[in-house]
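Enquirer: Contents of run.cif (mmCIF, C-alpha atoms):
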```
data_query
loop_
_atom_site.group_PDB
_atom_site.id
_atom_site.type_symbol
_atom_site.label_atom_id
_atom_site.label_comp_id
_atom_site.auth_asym_id
_atom_site.auth_seq_id
_atom_site.Cartn_x
_atom_site.Cartn_y
_atom_site.Cartn_z
ATOM 1 C CA MET A 1 95.787 98.275 85.433
ATOM 2 C CA SER A 2 95.699 96.866 81.938
ATOM 3 C CA GLY A 3 99.173 97.344 80.535
ATOM 4 C CA LEU A 4 99.396 101.012 81.508
ATOM 5 C CA THR A 5 102.698 102.864 81.821
ATOM 6 C CA ASP A 6 103.346 106.159 83.520
ATOM 7 C CA ALA A 7 104.055 107.760 80.175
ATOM 8 C CA ALA A 8 104.166 111.276 81.565
ATOM 9 C CA ASN A 9 107.587 110.548 83.060
ATOM 10 C CA THR A 10 110.946 109.665 81.559
ATOM 11 C CA PRO A 11 113.362 107.185 83.183
ATOM 12 C CA ASN A 12 116.591 108.732 84.374
ATOM 13 C CA GLY A 13 118.538 105.504 83.887
ATOM 14 C CA PRO A 14 121.481 104.285 85.974
ATOM 15 C CA PRO A 15 124.597 106.393 86.517
ATOM 16 C CA ALA A 16 126.978 106.449 83.557
ATOM 17 C CA ASN A 17 129.784 104.913 85.609
ATOM 18 C CA ASN A 18 127.665 102.035 86.862
ATOM 19 C CA THR A 19 129.161 98.648 85.968
ATOM 20 C CA THR A 20 127.585 95.246 85.710
ATOM 21 C CA GLY A 21 127.197 93.665 89.129
ATOM 22 C CA SER A 22 127.816 96.858 91.079
ATOM 23 C CA LEU A 23 125.319 98.327 93.513
ATOM 24 C CA GLU A 24 123.419 101.315 92.186
ATOM 25 C CA THR A 25 123.783 104.116 94.718
ATOM 26 C CA VAL A 26 121.271 106.409 93.022
ATOM 27 C CA PRO A 27 117.681 105.133 92.653
ATOM 28 C CA ASN A 28 117.012 104.306 89.003
ATOM 29 C CA ALA A 29 113.710 106.153 89.116
ATOM 30 C CA VAL A 30 111.392 108.216 86.989
ATOM 31 C CA ALA A 31 111.413 111.959 87.474
ATOM 32 C CA VAL A 32 109.844 112.683 90.857
ATOM 33 C CA ASP A 33 109.059 115.794 92.830
ATOM 34 C CA ASP A 34 111.744 117.034 95.189
ATOM 35 C CA ASP A 35 109.318 117.071 98.111
ATOM 36 C CA ILE A 36 108.163 113.439 97.933
ATOM 37 C CA PHE A 37 107.986 111.400 101.124
ATOM 38 C CA PRO A 38 110.211 109.580 101.885
ATOM 39 C CA PRO A 39 113.032 111.489 100.096
ATOM 40 C CA ASN A 40 114.227 109.734 96.943
ATOM 41 C CA THR A 41 117.555 108.530 98.301
ATOM 42 C CA PRO A 42 119.037 105.073 98.974
ATOM 43 C CA LEU A 43 119.185 105.874 102.711
ATOM 44 C CA ALA A 44 115.484 106.718 102.800
ATOM 45 C CA ALA A 45 114.625 103.582 100.808
ATOM 46 C CA SER A 46 116.612 101.277 103.102
ATOM 47 C CA THR A 47 115.362 102.955 106.279
ATOM 48 C CA THR A 48 111.738 102.796 105.140
ATOM 49 C CA SER A 49 112.126 99.118 104.227
ATOM 50 C CA PHE A 50 113.668 98.400 107.627
ATOM 51 C CA LEU A 51 110.858 100.166 109.504
ATOM 52 C CA LEU A 52 108.104 98.505 107.480
ATOM 53 C CA GLY A 53 109.801 95.132 107.905
ATOM 54 C CA SER A 54 109.984 95.700 111.657
ATOM 55 C CA VAL A 55 106.243 96.393 111.790
ATOM 56 C CA VAL A 56 105.543 93.245 109.757
ATOM 57 C CA SER A 57 107.794 91.124 111.989
ATOM 58 C CA LEU A 58 106.377 92.476 115.255
ATOM 59 C CA GLY A 59 102.808 92.161 114.010
ATOM 60 C CA LEU A 60 103.264 88.570 112.862
ATOM 61 C CA TRP A 61 104.979 87.618 116.121
ATOM 62 C CA LEU A 62 102.046 89.023 118.106
ATOM 63 C CA VAL A 63 99.591 87.175 115.857
ATOM 64 C CA LEU A 64 101.415 83.867 116.315
ATOM 65 C CA ASN A 65 101.958 84.337 120.041
ATOM 66 C CA ASN A 66 98.555 85.720 121.033
ATOM 67 C CA SER A 67 96.641 83.202 118.925
ATOM 68 C CA HIS A 68 98.647 80.413 120.646
ATOM 69 C CA LEU A 69 99.894 79.093 117.305
ATOM 70 C CA ILE A 70 103.449 78.995 118.621
ATOM 71 C CA THR A 71 102.327 76.746 121.490
ATOM 72 C CA VAL A 72 100.402 74.506 119.094
ATOM 73 C CA ILE A 73 103.429 74.123 116.824
ATOM 74 C CA LEU A 74 105.348 72.801 119.815
ATOM 75 C CA GLN A 75 102.409 70.737 121.146
ATOM 76 C CA PRO A 76 100.136 69.781 118.217
ATOM 77 C CA ALA A 77 97.518 68.260 120.515
ATOM 78 C CA LEU A 78 96.447 71.745 121.631
ATOM 79 C CA TRP A 79 94.821 72.898 118.352
ATOM 80 C CA ARG A 80 91.592 73.590 120.246
ATOM 81 C CA ASP A 81 93.357 76.453 122.023
ATOM 82 C CA VAL A 82 94.089 78.387 118.818
ATOM 83 C CA ALA A 83 92.016 81.597 118.659
ATOM 84 C CA PHE A 84 92.214 84.387 116.084
ATOM 85 C CA ASN A 85 89.152 86.297 117.306
ATOM 86 C CA LEU A 86 91.143 88.249 119.894
ATOM 87 C CA PRO A 87 92.062 91.971 119.833
ATOM 88 C CA GLY A 88 95.696 91.015 120.445
ATOM 89 C CA VAL A 89 95.622 89.094 117.151
ATOM 90 C CA GLN A 90 93.324 91.226 115.012
ATOM 91 C CA LEU A 91 94.994 94.630 115.393
ATOM 92 C CA PRO A 92 98.594 93.375 114.998
ATOM 93 C CA PHE A 93 97.526 91.550 111.839
ATOM 94 C CA PHE A 94 96.064 94.761 110.440
ATOM 95 C CA PHE A 95 99.289 96.691 110.988
ATOM 96 C CA ALA A 96 101.403 93.829 109.631
ATOM 97 C CA ALA A 97 99.229 93.647 106.496
ATOM 98 C CA TRP A 98 99.433 97.427 106.056
ATOM 99 C CA ALA A 99 103.223 97.485 106.389
ATOM 100 C CA PHE A 100 103.711 94.501 104.077
ATOM 101 C CA PHE A 101 101.482 96.068 101.418
ATOM 102 C CA HIS A 102 103.609 99.214 101.282
ATOM 103 C CA TRP A 103 106.878 97.283 101.312
ATOM 104 C CA ALA A 104 105.625 94.979 98.547
ATOM 105 C CA GLU A 105 104.664 97.930 96.329
ATOM 106 C CA PHE A 106 108.274 99.121 96.412
ATOM 107 C CA ALA A 107 109.812 95.639 96.216
ATOM 108 C CA VAL A 108 107.791 94.540 93.178
ATOM 109 C CA THR A 109 108.475 97.832 91.402
ATOM 110 C CA ALA A 110 112.192 97.515 92.146
ATOM 111 C CA GLY A 111 112.275 93.933 90.910
ATOM 112 C CA TRP A 112 110.137 94.072 87.767
ATOM 113 C CA ASN A 113 109.712 97.740 86.861
ATOM 114 C CA ARG A 114 112.975 99.363 87.947
ATOM 115 C CA ASP A 115 112.796 102.353 85.613
ATOM 116 C CA LYS A 116 109.789 103.592 87.577
ATOM 117 C CA CYS A 117 111.176 102.730 90.996
ATOM 118 C CA SER A 118 111.595 105.509 93.530
ATOM 119 C CA THR A 119 110.723 105.937 97.178
ATOM 120 C CA SER A 120 107.293 107.131 96.026
ATOM 121 C CA SER A 121 106.762 103.471 95.028
ATOM 122 C CA PHE A 122 106.157 102.699 98.710
ATOM 123 C CA LEU A 123 102.843 104.592 98.262
ATOM 124 C CA LEU A 124 103.136 105.974 101.785
ATOM 125 C CA ASP A 125 101.956 109.338 100.504
ATOM 126 C CA ASN A 126 98.801 107.754 99.161
ATOM 127 C CA GLY A 127 96.321 110.584 99.642
ATOM 128 C CA ARG A 128 94.445 112.061 102.572
ATOM 129 C CA GLU A 129 91.398 109.809 102.149
ATOM 130 C CA TYR A 130 93.572 106.699 102.352
ATOM 131 C CA HIS A 131 95.052 107.724 105.698
ATOM 132 C CA ILE A 132 91.690 108.873 107.046
ATOM 133 C CA ALA A 133 90.139 105.512 106.164
ATOM 134 C CA HIS A 134 92.801 103.550 108.050
ATOM 135 C CA SER A 135 92.620 105.910 111.028
ATOM 136 C CA VAL A 136 88.841 105.550 111.210
ATOM 137 C CA ALA A 137 89.177 101.759 111.020
ATOM 138 C CA VAL A 138 91.621 101.672 113.939
ATOM 139 C CA LEU A 139 89.433 104.088 115.910
ATOM 140 C CA GLU A 140 86.338 101.959 115.343
ATOM 141 C CA PHE A 141 88.239 98.868 116.452
ATOM 142 C CA VAL A 142 89.650 100.460 119.630
ATOM 143 C CA LEU A 143 86.363 102.069 120.686
ATOM 144 C CA THR A 144 84.404 98.873 120.056
ATOM 145 C CA VAL A 145 86.832 96.762 122.069
ATOM 146 C CA TYR A 146 86.795 99.315 124.920
ATOM 147 C CA PHE A 147 83.010 99.688 125.201
ATOM 148 C CA PHE A 148 81.946 96.238 123.967
ATOM 149 C CA PRO A 149 84.805 93.836 124.818
ATOM 150 C CA ASN A 150 83.052 90.756 123.407
ATOM 151 C CA ALA A 151 81.803 92.332 120.177
ATOM 152 C CA LYS A 152 84.700 91.038 118.066
ATOM 153 C CA ARG A 153 84.716 87.436 119.208
ATOM 154 C CA TRP A 154 82.879 85.944 116.213
ATOM 155 C CA ASN A 155 84.489 82.616 115.330
ATOM 156 C CA TYR A 156 85.958 82.190 111.829
ATOM 157 C CA VAL A 157 85.325 85.823 110.786
ATOM 158 C CA THR A 158 88.877 87.017 111.432
ATOM 159 C CA PRO A 159 90.543 83.990 109.755
ATOM 160 C CA ILE A 160 88.337 84.536 106.690
ATOM 161 C CA GLY A 161 89.419 88.179 106.620
ATOM 162 C CA MET A 162 93.056 87.155 106.866
ATOM 163 C CA LEU A 163 92.683 84.830 103.886
ATOM 164 C CA VAL A 164 90.987 87.589 101.864
ATOM 165 C CA VAL A 165 93.857 89.965 102.696
ATOM 166 C CA LEU A 166 96.464 87.397 101.657
ATOM 167 C CA GLY A 167 94.573 86.618 98.454
ATOM 168 C CA GLY A 168 94.192 90.300 97.596
ATOM 169 C CA GLN A 169 97.870 90.976 98.233
ATOM 170 C CA PHE A 170 98.909 88.011 96.111
ATOM 171 C CA LEU A 171 96.636 89.074 93.255
ATOM 172 C CA ARG A 172 97.907 92.653 93.262
ATOM 173 C CA SER A 173 101.573 91.677 93.362
ATOM 174 C CA ILE A 174 101.164 89.027 90.647
ATOM 175 C CA ALA A 175 99.380 91.560 88.421
ATOM 176 C CA MET A 176 102.204 94.082 88.854
ATOM 177 C CA ILE A 177 104.830 91.430 88.167
ATOM 178 C CA HIS A 178 103.049 90.128 85.064
ATOM 179 C CA ALA A 179 102.561 93.606 83.586
ATOM 180 C CA SER A 180 106.168 94.444 84.476
ATOM 181 C CA LYS A 181 107.271 97.651 82.709
ATOM 182 C CA ASN A 182 103.758 98.160 81.361
ATOM 183 C CA PHE A 183 102.459 98.830 84.875
ATOM 184 C CA SER A 184 102.402 102.187 86.623
ATOM 185 C CA HIS A 185 101.050 103.582 89.867
ATOM 186 C CA MET A 186 99.910 106.645 87.933
ATOM 187 C CA VAL A 187 97.449 106.910 85.058
ATOM 188 C CA ALA A 188 99.305 107.811 81.854
ATOM 189 C CA TYR A 189 97.910 110.080 79.199
ATOM 190 C CA LYS A 190 100.684 109.633 76.630
ATOM 191 C CA ARG A 191 101.892 106.375 75.096
ATOM 192 C CA LEU A 192 105.627 105.710 75.167
ATOM 193 C CA HIS A 193 107.625 103.618 72.724
ATOM 194 C CA GLY A 194 107.462 99.969 73.791
ATOM 195 C CA HIS A 195 104.216 100.377 75.713
ATOM 196 C CA GLU A 196 102.215 97.184 75.113
ATOM 197 C CA LEU A 197 98.671 96.152 75.959
ATOM 198 C CA VAL A 198 98.811 93.208 78.355
ATOM 199 C CA THR A 199 95.859 90.850 77.896
ATOM 200 C CA ASP A 200 97.249 87.421 78.805
ATOM 201 C CA GLY A 201 97.827 85.650 82.113
ATOM 202 C CA ILE A 202 95.948 87.201 85.005
ATOM 203 C CA TYR A 203 94.852 90.000 82.640
ATOM 204 C CA SER A 204 92.759 87.485 80.695
ATOM 205 C CA TRP A 205 90.682 87.037 83.871
ATOM 206 C CA SER A 206 90.401 90.708 84.860
ATOM 207 C CA ARG A 207 91.118 93.952 83.015
ATOM 208 C CA HIS A 208 92.410 95.497 86.239
ATOM 209 C CA PRO A 209 93.662 92.686 88.515
ATOM 210 C CA SER A 210 95.849 95.014 90.596
ATOM 211 C CA TYR A 211 92.754 97.061 91.452
ATOM 212 C CA VAL A 212 90.792 93.914 92.241
ATOM 213 C CA GLY A 213 93.595 92.791 94.543
ATOM 214 C CA PHE A 214 93.656 96.084 96.421
ATOM 215 C CA PHE A 215 89.848 96.215 96.603
ATOM 216 C CA TYR A 216 89.648 92.839 98.336
ATOM 217 C CA TRP A 217 92.774 93.523 100.384
ATOM 218 C CA GLY A 218 91.044 96.576 101.853
ATOM 219 C CA LEU A 219 87.790 94.745 102.551
ATOM 220 C CA GLY A 220 89.716 91.814 104.014
ATOM 221 C CA THR A 221 91.419 94.043 106.580
ATOM 222 C CA GLN A 222 88.020 95.136 107.881
ATOM 223 C CA ILE A 223 86.712 91.570 107.989
ATOM 224 C CA ALA A 224 89.807 90.594 109.981
ATOM 225 C CA LEU A 225 89.163 93.488 112.387
ATOM 226 C CA GLN A 226 85.440 92.629 112.466
ATOM 227 C CA ASN A 227 84.677 96.292 111.731
ATOM 228 C CA PRO A 228 81.142 96.447 110.217
ATOM 229 C CA ILE A 229 81.018 100.256 109.879
ATOM 230 C CA SER A 230 84.447 100.569 108.261
ATOM 231 C CA PHE A 231 83.725 97.586 106.011
ATOM 232 C CA ILE A 232 80.749 99.435 104.526
ATOM 233 C CA GLY A 233 82.755 102.666 104.347
ATOM 234 C CA TYR A 234 85.686 100.955 102.627
ATOM 235 C CA PHE A 235 83.363 99.324 100.104
ATOM 236 C CA ILE A 236 81.663 102.604 99.172
ATOM 237 C CA VAL A 237 84.841 104.703 99.048
ATOM 238 C CA MET A 238 86.876 102.173 97.054
ATOM 239 C CA LEU A 239 83.997 101.519 94.664
ATOM 240 C CA ARG A 240 83.637 105.228 93.901
ATOM 241 C CA PHE A 241 87.408 105.659 93.565
ATOM 242 C CA PHE A 242 87.856 102.768 91.145
ATOM 243 C CA GLN A 243 84.790 103.707 89.103
ATOM 244 C CA LYS A 244 86.307 107.112 88.434
ATOM 245 C CA ARG A 245 89.866 105.862 87.953
ATOM 246 C CA ILE A 246 88.907 103.051 85.582
ATOM 247 C CA PHE A 247 86.733 105.414 83.534
ATOM 248 C CA TYR A 248 89.582 107.856 82.877
ATOM 249 C CA GLU A 249 92.206 105.144 82.508
ATOM 250 C CA GLU A 250 90.213 103.247 79.910
ATOM 251 C CA LYS A 251 89.610 106.408 77.905
ATOM 252 C CA ALA A 252 93.395 106.700 77.633
ATOM 253 C CA LEU A 253 93.788 103.014 76.772
ATOM 254 C CA ILE A 254 91.219 103.267 73.983
ATOM 255 C CA ARG A 255 93.125 106.267 72.642
ATOM 256 C CA PHE A 256 96.388 104.274 72.797
ATOM 257 C CA PHE A 257 95.174 100.939 71.407
ATOM 258 C CA GLY A 258 91.872 101.689 69.658
ATOM 259 C CA THR A 259 89.700 98.713 68.716
ATOM 260 C CA ALA A 260 92.160 96.253 70.302
ATOM 261 C CA TYR A 261 91.330 97.594 73.746
ATOM 262 C CA GLN A 262 87.615 97.947 72.970
ATOM 263 C CA GLU A 263 87.458 94.266 72.014
ATOM 264 C CA TYR A 264 89.437 93.309 75.103
ATOM 265 C CA LYS A 265 87.128 95.379 77.300
ATOM 266 C CA ALA A 266 84.063 93.699 75.794
ATOM 267 C CA LYS A 267 85.402 90.221 76.593
ATOM 268 C CA VAL A 268 87.085 90.648 80.000
ATOM 269 C CA PRO A 269 85.309 92.100 83.069
ATOM 270 C CA THR A 270 86.939 94.077 85.859
ATOM 271 C CA ARG A 271 85.897 91.602 88.596
ATOM 272 C CA ILE A 272 85.143 94.518 90.933
ATOM 273 C CA PRO A 273 81.501 94.437 92.089
ATOM 274 C CA LEU A 274 79.206 96.873 90.230
ATOM 275 C CA ILE A 275 81.957 97.864 87.765
ATOM 276 C CA ARG A 276 81.695 96.119 84.420
#
```
Could you render the structure from this file as structure tokens?

Expert:
Amino acid sequence: MSGLTDAANTPNGPPANNTTGSLETVPNAVAVDDDIFPPNTPLAASTTSFLLGSVVSLGLWLVLNNSHLITVILQPALWRDVAFNLPGVQLPFFFAAWAFFHWAEFAVTAGWNRDKCSTSSFLLDNGREYHIAHSVAVLEFVLTVYFFPNAKRWNYVTPIGMLVVLGGQFLRSIAMIHASKNFSHMVAYKRLHGHELVTDGIYSWSRHPSYVGFFYWGLGTQIALQNPISFIGYFIVMLRFFQKRIFYEEKALIRFFGTAYQEYKAKVPTRIPLIR
């Protein structure tokens, strides 16, 4: 989002007895609800990171092994045997991409936006529709493979999807890093001191590069799974979500920055299809 902070919250700051170079044992996070998932504790943060990392590692190992890339690395002459259009590659990649996305949301926030970092930064509690969409995608994949075993064997489709996922993830993370403390997972309706409008770097190409990254990340996962029904569903649902979110967010940004944001909006598109 374009230089938006979660202005409704106030950073707690590090413990008073914290010294330079010491490990913070209390998350330096914005005020969060007591019932967030995972709980806002260092143990929950480390455990969640470990579990997500395990899913990423297992998924990538299955992708490398089942696609025969490991064999090719050892015997380069066997490149013709590499195959990504296999269920044993496609589904593990999906879960690895999902786990890495959630880990990266926390990691980038912790590294470049620490005042807003809490276990809610993992975005695991990302709304019912989000979880339903992923569940439907997995269900479509499993049912298709069971009833039509050869339906997902299109050459080059899965590798293209993988590249779209990687590109979307990179774009989202870079946007969050560039905006730094001006970024928030939540739309703010009050401007805090020090809140700046970010219009340079990746934000000179798109007004909402983090949204663009997630949009294409989501579509890329369905291309990688070769899920035509979920691809259409993802496109429609994400388009409607971002249309509404961008509308309300930009009303707040115009209130914060006035003509500066209106001029920026007139010059820089969103880069999401059908949303100017």

Enquirer: Compile a residue-level contact table for region 211-237 of chain A against region 141-163 of chain A at a cut-off of 6 Å, reporting for every qualifying residue the shortest atom pair and its distance in Å to one decimal, with all atoms listed in the file counted, rows ordered by chain and ascending number, as CSV.

Expert:
```
residue,atom,partner,partner_atom,distance
A:Gly220,CA,A:Gly161,CA,4.5
A:Ile223,CA,A:Gly161,CA,4.5
A:Ala224,CA,A:Thr158,CA,4.0
A:Gln226,CA,A:Lys152,CA,5.9
```

Enquirer: Mind dumping the selected residues with C-alpha atoms as a CSV table (one decimal), in the coordinates of the input?

Expert:
```csv
chain,number,residue,atom,x,y,z
A,220,GLY,CA,89.7,91.8,104.0
A,223,ILE,CA,86.7,91.6,108.0
A,224,ALA,CA,89.8,90.6,110.0
A,226,GLN,CA,85.4,92.6,112.5
```

Enquirer: Using all atoms listed in the file, collect all residues at a distance of at most 12 Å from (97.3, 75.7, 114.2) as written in the file, then present them as a list in words.

Expert: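 Protein, DNA and RNA residues close to (97.3, 75.7, 114.2): Val63, Leu64, Asn65, Ser67, His68, Leu69, Ile70, Thr71, Val72, Ile73, Leu74, Gln75, Pro76, Ala77, Leu78, Trp79, Arg80, Asp81, Val82, Ala83, Phe84 and Pro159 of chain A.
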
Enquirer: Convert the output of the PyMOL selection byres ((chain A and resi 137-140) around 9) on the shown file into explicit residues, formatted as a ChimeraX atom specification.

Expert: /A:91,94,132-136,141-145,222,225,227,229-231

Enquirer: For CA of Leu253 (chain A) and CA of Phe170 (chain A), determine how far apart the two atoms are, in Å to one decimal place.

Expert: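 A separation of 25.0 Å between them.
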
Enquirer: Run the PyMOL selection byres ((chain A and resi 267) around 10) against the file shown and list the residues it catches, as a PDB file with C-alpha atoms, in the frame of the given file.

Expert:
```
ATOM      1  CA  SER A 204      92.759  87.485  80.695  1.00  0.00           C
ATOM      2  CA  TRP A 205      90.682  87.037  83.871  1.00  0.00           C
ATOM      3  CA  SER A 206      90.401  90.708  84.860  1.00  0.00           C
ATOM      4  CA  ARG A 207      91.118  93.952  83.015  1.00  0.00           C
ATOM      5  CA  TYR A 261      91.330  97.594  73.746  1.00  0.00           C
ATOM      6  CA  GLN A 262      87.615  97.947  72.970  1.00  0.00           C
ATOM      7  CA  GLU A 263      87.458  94.266  72.014  1.00  0.00           C
ATOM      8  CA  TYR A 264      89.437  93.309  75.103  1.00  0.00           C
ATOM      9  CA  LYS A 265      87.128  95.379  77.300  1.00  0.00           C
ATOM     10  CA  ALA A 266      84.063  93.699  75.794  1.00  0.00           C
ATOM     11  CA  VAL A 268      87.085  90.648  80.000  1.00  0.00           C
ATOM     12  CA  PRO A 269      85.309  92.100  83.069  1.00  0.00           C
TER      13      PRO A 269
END
```

Enquirer: Could you work out an axis-aligned bounding box for all listed atoms of region 223-236 of chain A, with 3 Å added on each of the six sides, and give its centre and edge lengths in Å to one decimal, as AutoDock Vina command-line options?

Expert:
```
--center_x 85.3 --center_y 96.6 --center_z 105.8 --size_x 15.1 --size_y 18.1 --size_z 19.3
```

Enquirer: From the options A:Leu124, A:Phe257, A:Leu239, A:Leu58, which residue's atoms come nearest to Ile275 (chain A), counting all atoms listed in the file?

Expert: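 Nearest candidate to Ile275 (chain A) out of A:Leu124, A:Phe257, A:Leu239, A:Leu58: A:Leu239.
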
Enquirer: Between CA of Ser46 (chain A) and CA of Phe100 (chain A), what is the distance in Å, rounded to a tenth?

Expert: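 These atoms are spaced 14.6 Å apart.
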
Enquirer: Applied to this file, what does the PyMOL selection byres ((chain A and resi 38) around 12) return in terms of residues, put as a PDB file with C-alpha atoms, keeping the file's coordinate frame?

Expert:
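As a result, selection.pdb now contains:
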```pdb
ATOM      1  CA  VAL A  32     109.844 112.683  90.857  1.00  0.00           C
ATOM      2  CA  ASP A  33     109.059 115.794  92.830  1.00  0.00           C
ATOM      3  CA  ASP A  34     111.744 117.034  95.189  1.00  0.00           C
ATOM      4  CA  ASP A  35     109.318 117.071  98.111  1.00  0.00           C
ATOM      5  CA  ILE A  36     108.163 113.439  97.933  1.00  0.00           C
ATOM      6  CA  PHE A  37     107.986 111.400 101.124  1.00  0.00           C
ATOM      7  CA  PRO A  39     113.032 111.489 100.096  1.00  0.00           C
ATOM      8  CA  ASN A  40     114.227 109.734  96.943  1.00  0.00           C
ATOM      9  CA  THR A  41     117.555 108.530  98.301  1.00  0.00           C
ATOM     10  CA  PRO A  42     119.037 105.073  98.974  1.00  0.00           C
ATOM     11  CA  LEU A  43     119.185 105.874 102.711  1.00  0.00           C
ATOM     12  CA  ALA A  44     115.484 106.718 102.800  1.00  0.00           C
ATOM     13  CA  ALA A  45     114.625 103.582 100.808  1.00  0.00           C
ATOM     14  CA  SER A  46     116.612 101.277 103.102  1.00  0.00           C
ATOM     15  CA  THR A  47     115.362 102.955 106.279  1.00  0.00           C
ATOM     16  CA  THR A  48     111.738 102.796 105.140  1.00  0.00           C
ATOM     17  CA  SER A  49     112.126  99.118 104.227  1.00  0.00           C
ATOM     18  CA  PHE A 106     108.274  99.121  96.412  1.00  0.00           C
ATOM     19  CA  SER A 118     111.595 105.509  93.530  1.00  0.00           C
ATOM     20  CA  THR A 119     110.723 105.937  97.178  1.00  0.00           C
ATOM     21  CA  SER A 120     107.293 107.131  96.026  1.00  0.00           C
ATOM     22  CA  SER A 121     106.762 103.471  95.028  1.00  0.00           C
ATOM     23  CA  PHE A 122     106.157 102.699  98.710  1.00  0.00           C
ATOM     24  CA  LEU A 123     102.843 104.592  98.262  1.00  0.00           C
ATOM     25  CA  LEU A 124     103.136 105.974 101.785  1.00  0.00           C
ATOM     26  CA  ASP A 125     101.956 109.338 100.504  1.00  0.00           C
ATOM     27  CA  ASN A 126      98.801 107.754  99.161  1.00  0.00           C
TER      28      ASN A 126
END
```

Enquirer: Taking all atoms listed in the file into account, which of A:Ala107, A:Ile254, A:Leu171, A:Val89 comes nearest Leu52 (chain A)?

Expert: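 Comparing A:Ala107, A:Ile254, A:Leu171, A:Val89 against Leu52 (chain A), the winner is A:Ala107.
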
Enquirer: Quick check, in Å to one decimal: how far apart do CA of Glu129 (chain A) and CA of Gly218 (chain A) lie?

Expert: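 Value for the CA of Glu129 (chain A)-CA of Gly218 (chain A) distance: 13.2 Å.
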
Enquirer: Using all atoms listed in the file, which protein or nucleic acid residues come within 12 Å of Val56 (chain A)? Drop anything in the same chain fewer than 5 positions from it, and give the result as a VMD selection string.

Expert: chain A and resid 49 to 51 61 to 63 92 to 104

Enquirer: Rank nothing, just name the residue among A:Phe247, A:Arg128, A:Thr199, A:Asn113 nearest to Asn182 (chain A), using only C-alpha atoms.

Expert: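 Answer, going by the shortest atom-to-atom distance: A:Asn113.
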